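Since the structure comes first, as structure tokens, the remarks are kept for the end.
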Amino acid sequence: MKNLFYRLCRVILTLLGFSAASGCAVEYGCPPVYCEYGVPTMEFKVTGKVTDSETETPVKGIAVTYIQHNEWERPDTVWTDEDGRFLYESHDFPSDSLKFKFTDVDGEENGGEFETKEVTVPVTQTAPGDGNWDNGDYSGEVDVTLSAK
């Protein structure tokens with residue numbers, strides 16, 4: 001009796017133009033429907049170390065920025081620490097490699113003036129996504145050597 005009532009309601013609502021409101025419910029054997037707005041994304045984490053190409057010593061204070069797939073440089077910046085290390089975490093469209101830009105913005109202050117360098121970093125999946133828009137977590141690691149200007 002209950003099923004007959006729900007079927008009748010769906011038919012009437014459909015005729016009235018409310019077909020979206022009359023969807024089948026999971027408890028009646030229909031598969032769940034996921035409504036999402038967006039695009040596929042991946043969360044990523046890239047770590048690395050920046051060193052001077054001549055002395056092989058770590059370089060502190062290098063600005064590390066992410067260059068998106070459309071060649072736009074993101075405004076969020078991370079900086080290398082005393083050991084030349086950095087960690088960049090963010091999200092973007094799924095990809096098997098990411099591009100980063102390394103810029104010396106402090107001049108002679110941290111061991112000399114260095115050329116700007118762009119590096120493509122391969123990333124691998126570390127955790128699966130949910131099967132919808134979330135493509136999972138990815139990580140990569142890179143060692144970068146900068147030359148003096």
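Letters A, B, ... go to the chains of the structure tokens in the order shown; residues in each chain start at 1; ligands are counted from 1 in the same order.
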
Quick one: pick out all strand (DSSP E) residues within region 24-126 of chain A from a backbone DSSP run and write them as a ChimeraX atom specification.
/A:41-52,62-67,73-79,85-92,97-104,117-122,124-126

Might you pull out every residue within 7 Å of region 129-135 of chain A, with only C-alpha atoms counted and same-chain residues fewer than 5 positions away left off, and present them as a list in words?
Val39, Pro40, Thr41, Met42 and Pro94 of chain A

When you count only C-alpha atoms, which of these residues is closest to Glu113 (chain A): A:Asp81, A:Glu73, A:Asp52, A:Asp143?
A:Asp52

Env of Thr126 (chain A): 12 Å cut, atoms = only C-alpha atoms, seq-sep filter 3 positions within chain, self excluded. Answer as a list in words.
Met42, Glu43, Phe44, Lys45, Val46, Val123, Gly129, Asn135, Gly136, Asp137, Tyr138, Ser139 and Gly140 of chain A

Generate a file of the selected residues that holds all heavy atoms, formatted as a CSV table (one decimal), in the first residue's frame.
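And here is the file that came out, selection-v9.csv:
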chain,number,residue,atom,x,y,z
A,42,MET,N,42.5,17.4,-6.6
A,42,MET,CA,43.4,16.6,-5.8
A,42,MET,C,44.0,17.5,-4.8
A,42,MET,O,44.3,18.7,-5.0
A,42,MET,CB,44.5,16.0,-6.7
A,42,MET,CG,45.5,16.9,-7.2
A,42,MET,SD,46.8,16.1,-8.2
A,42,MET,CE,48.1,17.2,-8.2
A,43,GLU,N,44.3,16.9,-3.6
A,43,GLU,CA,45.0,17.6,-2.6
A,43,GLU,C,46.5,17.2,-2.8
A,43,GLU,O,46.7,16.0,-3.1
A,43,GLU,CB,44.6,17.2,-1.2
A,43,GLU,CG,43.1,17.5,-0.9
A,43,GLU,CD,42.9,19.0,-0.7
A,43,GLU,OE1,43.8,19.7,-0.2
A,43,GLU,OE2,41.8,19.4,-1.1
A,44,PHE,N,47.4,18.1,-2.6
A,44,PHE,CA,48.8,17.7,-2.8
A,44,PHE,C,49.7,18.3,-1.7
A,44,PHE,O,49.4,19.4,-1.2
A,44,PHE,CB,49.3,18.0,-4.2
A,44,PHE,CG,49.4,19.5,-4.5
A,44,PHE,CD1,50.5,20.3,-4.2
A,44,PHE,CD2,48.4,20.1,-5.2
A,44,PHE,CE1,50.6,21.6,-4.5
A,44,PHE,CE2,48.5,21.5,-5.5
A,44,PHE,CZ,49.6,22.2,-5.2
A,45,LYS,N,50.8,17.7,-1.5
A,45,LYS,CA,51.9,18.1,-0.6
A,45,LYS,C,53.2,17.8,-1.3
A,45,LYS,O,53.5,16.7,-1.7
A,45,LYS,CB,51.8,17.3,0.7
A,45,LYS,CG,52.8,17.6,1.7
A,45,LYS,CD,52.8,16.6,2.9
A,45,LYS,CE,51.4,16.7,3.6
A,45,LYS,NZ,51.4,15.9,4.9
A,46,VAL,N,54.0,18.9,-1.4
A,46,VAL,CA,55.3,18.8,-2.0
A,46,VAL,C,56.3,19.3,-1.0
A,46,VAL,O,56.2,20.4,-0.5
A,46,VAL,CB,55.4,19.6,-3.4
A,46,VAL,CG1,56.8,19.6,-3.9
A,46,VAL,CG2,54.4,19.0,-4.4
A,123,VAL,N,54.4,13.9,-9.1
A,123,VAL,CA,53.7,13.6,-7.8
A,123,VAL,C,53.0,12.2,-8.0
A,123,VAL,O,52.7,11.8,-9.1
A,123,VAL,CB,52.6,14.6,-7.4
A,123,VAL,CG1,53.2,15.9,-7.0
A,123,VAL,CG2,51.6,14.9,-8.6
A,129,GLY,N,40.7,8.9,-3.6
A,129,GLY,CA,39.6,9.9,-3.5
A,129,GLY,C,38.3,9.2,-3.1
A,129,GLY,O,38.3,8.0,-2.9
A,135,ASN,N,39.8,13.4,-6.2
A,135,ASN,CA,40.7,12.4,-6.8
A,135,ASN,C,41.7,11.9,-5.8
A,135,ASN,O,42.6,11.1,-6.2
A,135,ASN,CB,41.4,12.9,-8.0
A,135,ASN,CG,40.4,12.9,-9.2
A,135,ASN,OD1,39.2,12.8,-9.1
A,135,ASN,ND2,41.0,13.0,-10.4
A,136,GLY,N,41.7,12.3,-4.6
A,136,GLY,CA,42.6,11.8,-3.6
A,136,GLY,C,43.8,12.8,-3.2
A,136,GLY,O,43.8,13.9,-3.6
A,137,ASP,N,44.7,12.2,-2.5
A,137,ASP,CA,45.9,12.9,-2.0
A,137,ASP,C,47.1,12.5,-2.8
A,137,ASP,O,47.3,11.3,-3.1
A,137,ASP,CB,46.1,12.7,-0.5
A,137,ASP,CG,45.0,13.1,0.4
A,137,ASP,OD1,44.2,14.0,-0.1
A,137,ASP,OD2,44.9,12.6,1.5
A,138,TYR,N,48.0,13.5,-3.1
A,138,TYR,CA,49.2,13.3,-3.9
A,138,TYR,C,50.4,13.9,-3.1
A,138,TYR,O,50.2,14.9,-2.4
A,138,TYR,CB,49.0,13.9,-5.3
A,138,TYR,CG,48.1,13.1,-6.2
A,138,TYR,CD1,46.7,13.2,-6.0
A,138,TYR,CD2,48.5,12.3,-7.2
A,138,TYR,CE1,45.8,12.5,-6.8
A,138,TYR,CE2,47.7,11.6,-8.0
A,138,TYR,CZ,46.3,11.7,-7.8
A,138,TYR,OH,45.4,11.0,-8.5
A,139,SER,N,51.5,13.4,-3.4
A,139,SER,CA,52.7,14.0,-2.8
A,139,SER,C,53.9,13.9,-3.8
A,139,SER,O,53.9,13.0,-4.6
A,139,SER,CB,53.1,13.3,-1.5
A,139,SER,OG,53.5,12.0,-1.7
A,140,GLY,N,54.9,14.8,-3.5
A,140,GLY,CA,56.1,14.8,-4.3
A,140,GLY,C,57.2,15.4,-3.5
A,140,GLY,O,57.0,16.0,-2.5

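Closest approach to Leu146 (chain A) among A:Arg10, A:Thr65, A:Glu56, A:Pro128 is made by A:Glu56 (distances from only C-alpha atoms).
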
Please, what distance in Å, to one decimal, runs between CA of Ala63 (chain A) and CA of Asp76 (chain A)?
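CA of Asp76 (chain A) lies 9.8 Å from CA of Ala63 (chain A).
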